[in-house]
Amino acid sequence: GGPSAGLMFALEIYDQLVEEDLTKGYKVIGTGELDYHGNVKRIGGVDKKVIAANRADCDIFFVPYENGREDSNYHEAKRVAESIGTDMEIVPVDTFQEALNYLKQLQ
């Protein structure tokens, strides 16, 4: 719950409204506050969320990219993922549409 689940709540609602299965069988998790314009905003505790997602054996983790900012949630998540040796794909997103596009291209 809370604002950091905004992106994932929105993706789940979208998934319920369309006939196609967006996840195509992948375990997808992510984080990011979502504003009214569909922008994904920075959150706290991304390091702990990456570790929890890895323990849950997730395949894909969406994380705020913050337009490539050097200290973005994405860069922190990537560092943690590398330090724990996970195979989980860390996917940087700045918008809901970017996350949606990523899911639509999965095979």
# chains A, B, ... in the order shown; residues from 1 in each chain; ligands from 1
>>> residues_around(residues="Leu7 of chain A", least_positions_apart="6", cutoff="7 Å", atoms="only C-alpha atoms", output="ChimeraX atom specification")
/A:31-34,40,96
>>> select_by_dssp(residues="chain A", states="strand (DSSP E or B)", output="count of residues only")
19
>>> select_by_dssp(residues="segment 26-71 of chain A", states="helix (DSSP H, G or I)", output="VMD selection string")
chain A and resid 46 to 55 66 to 68
>>> write_last_selection(atoms="all heavy atoms", output="CSV table (one decimal), in the first residue's frame")
chain,number,residue,atom,x,y,z
A,46,VAL,N,14.2,1.5,-1.6
A,46,VAL,CA,14.3,0.7,-2.8
A,46,VAL,C,15.3,-0.5,-2.6
A,46,VAL,O,15.0,-1.6,-3.1
A,46,VAL,CB,14.7,1.5,-4.0
A,46,VAL,CG1,16.1,1.9,-4.0
A,46,VAL,CG2,14.3,0.7,-5.3
A,47,ASP,N,16.3,-0.3,-1.8
A,47,ASP,CA,17.2,-1.4,-1.5
A,47,ASP,C,16.5,-2.6,-0.9
A,47,ASP,O,16.7,-3.8,-1.3
A,47,ASP,CB,18.4,-0.9,-0.6
A,47,ASP,CG,17.9,-0.3,0.7
A,47,ASP,OD1,16.8,0.2,0.8
A,47,ASP,OD2,18.8,-0.2,1.6
A,48,LYS,N,15.7,-2.3,0.1
A,48,LYS,CA,14.9,-3.4,0.8
A,48,LYS,C,13.9,-4.1,-0.2
A,48,LYS,O,13.7,-5.3,-0.1
A,48,LYS,CB,14.3,-2.9,2.0
A,48,LYS,CG,15.3,-2.4,3.1
A,48,LYS,CD,14.6,-1.5,4.1
A,48,LYS,CE,15.6,-0.9,5.0
A,48,LYS,NZ,16.6,0.0,4.4
A,49,LYS,N,13.3,-3.3,-1.0
A,49,LYS,CA,12.4,-3.8,-2.0
A,49,LYS,C,13.0,-4.7,-3.0
A,49,LYS,O,12.4,-5.8,-3.4
A,49,LYS,CB,11.6,-2.7,-2.7
A,49,LYS,CG,10.7,-1.9,-1.7
A,49,LYS,CD,10.1,-0.7,-2.2
A,49,LYS,CE,9.4,0.1,-1.1
A,49,LYS,NZ,8.7,1.3,-1.6
A,50,VAL,N,14.2,-4.4,-3.4
A,50,VAL,CA,14.9,-5.3,-4.4
A,50,VAL,C,15.2,-6.6,-3.7
A,50,VAL,O,15.0,-7.7,-4.3
A,50,VAL,CB,16.2,-4.6,-4.9
A,50,VAL,CG1,17.1,-5.6,-5.6
A,50,VAL,CG2,15.9,-3.4,-5.8
A,51,ILE,N,15.7,-6.6,-2.4
A,51,ILE,CA,16.0,-7.8,-1.7
A,51,ILE,C,14.7,-8.7,-1.5
A,51,ILE,O,14.7,-9.9,-1.8
A,51,ILE,CB,16.7,-7.5,-0.4
A,51,ILE,CG1,18.1,-6.9,-0.6
A,51,ILE,CG2,16.7,-8.7,0.5
A,51,ILE,CD1,18.7,-6.3,0.6
A,52,ALA,N,13.6,-8.0,-1.2
A,52,ALA,CA,12.4,-8.8,-1.0
A,52,ALA,C,11.9,-9.4,-2.3
A,52,ALA,O,11.4,-10.5,-2.3
A,52,ALA,CB,11.3,-7.8,-0.4
A,53,ALA,N,12.0,-8.6,-3.4
A,53,ALA,CA,11.6,-9.1,-4.7
A,53,ALA,C,12.4,-10.3,-5.1
A,53,ALA,O,11.9,-11.3,-5.6
A,53,ALA,CB,11.7,-8.0,-5.7
A,54,ASN,N,13.7,-10.3,-4.8
A,54,ASN,CA,14.6,-11.4,-5.1
A,54,ASN,C,14.2,-12.6,-4.3
A,54,ASN,O,14.1,-13.7,-4.8
A,54,ASN,CB,16.0,-11.0,-4.9
A,54,ASN,CG,17.0,-12.1,-5.2
A,54,ASN,OD1,17.0,-12.6,-6.3
A,54,ASN,ND2,17.7,-12.6,-4.2
A,55,ARG,N,13.9,-12.4,-3.0
A,55,ARG,CA,13.5,-13.5,-2.2
A,55,ARG,C,12.2,-14.2,-2.6
A,55,ARG,O,11.9,-15.3,-2.4
A,55,ARG,CB,13.4,-13.1,-0.7
A,55,ARG,CG,14.7,-12.8,-0.1
A,55,ARG,CD,14.6,-12.4,1.3
A,55,ARG,NE,15.9,-12.1,1.9
A,55,ARG,CZ,16.1,-11.4,3.0
A,55,ARG,NH1,15.0,-10.9,3.7
A,55,ARG,NH2,17.3,-11.2,3.5
A,66,GLU,N,14.0,8.4,-12.8
A,66,GLU,CA,14.3,9.8,-12.5
A,66,GLU,C,15.1,10.5,-13.5
A,66,GLU,O,16.0,11.2,-13.2
A,66,GLU,CB,14.9,9.9,-11.1
A,66,GLU,CG,14.1,9.2,-10.0
A,66,GLU,CD,14.8,9.2,-8.7
A,66,GLU,OE1,15.0,10.3,-8.1
A,66,GLU,OE2,15.3,8.2,-8.2
A,67,ASN,N,14.7,10.2,-14.8
A,67,ASN,CA,15.4,10.8,-15.9
A,67,ASN,C,16.9,10.6,-15.9
A,67,ASN,O,17.7,11.4,-16.4
A,67,ASN,CB,15.1,12.3,-16.1
A,67,ASN,CG,13.6,12.5,-16.3
A,67,ASN,OD1,13.0,11.9,-17.2
A,67,ASN,ND2,13.0,13.3,-15.5
A,68,GLY,N,17.3,9.4,-15.4
A,68,GLY,CA,18.8,9.1,-15.4
A,68,GLY,C,19.6,9.7,-14.3
A,68,GLY,O,20.8,9.6,-14.4
>>> closest_atom_pairs(of="segment 16-64 of chain A", to="segment 84-94 of chain A", cutoff="8 Å", atoms="only C-alpha atoms", output="Markdown table")
| residue | atom | partner | partner_atom | distance |
| --- | --- | --- | --- | --- |
| A:Asn39 | CA | A:Asp94 | CA | 5.9 |
| A:Val40 | CA | A:Asp94 | CA | 5.1 |
| A:Lys41 | CA | A:Asp94 | CA | 7.4 |
| A:Ile51 | CA | A:Ile84 | CA | 7.8 |
| A:Asn54 | CA | A:Thr86 | CA | 6.5 |
| A:Asp57 | CA | A:Met88 | CA | 7.9 |
| A:Cys58 | CA | A:Met88 | CA | 6.3 |
| A:Asp59 | CA | A:Met88 | CA | 4.7 |
| A:Ile60 | CA | A:Glu89 | CA | 4.8 |
| A:Phe61 | CA | A:Ile90 | CA | 5.0 |
| A:Phe62 | CA | A:Val91 | CA | 4.8 |
| A:Val63 | CA | A:Pro92 | CA | 5.2 |
| A:Pro64 | CA | A:Val93 | CA | 5.3 |
>>> closest_residue(among="A:Glu12, A:Glu76, A:Glu98, A:Glu82", to="Ile43 of chain A", atoms="only C-alpha atoms")
A:Glu76
>>> atom_distance(atom1="atom CA of Asn73 of chain A", atom2="atom CA of Asp15 of chain A")
24.8 Å
>>> atom_distance(atom1="atom CA of Gly44 of chain A", atom2="atom CA of Gln16 of chain A")
27.6 Å
>>> closest_residue(among="A:Asp71, A:Asp35, A:Tyr26, A:Tyr65", to="Ala10 of chain A", atoms="only C-alpha atoms")
A:Asp35
>>> closest_residue(among="A:Arg42, A:Lys24, A:Lys78, A:Arg69", to="Leu106 of chain A", atoms="only C-alpha atoms")
A:Lys24
>>> atom_distance(atom1="atom CA of Lys104 of chain A", atom2="atom CA of Leu22 of chain A")
6.2 Å
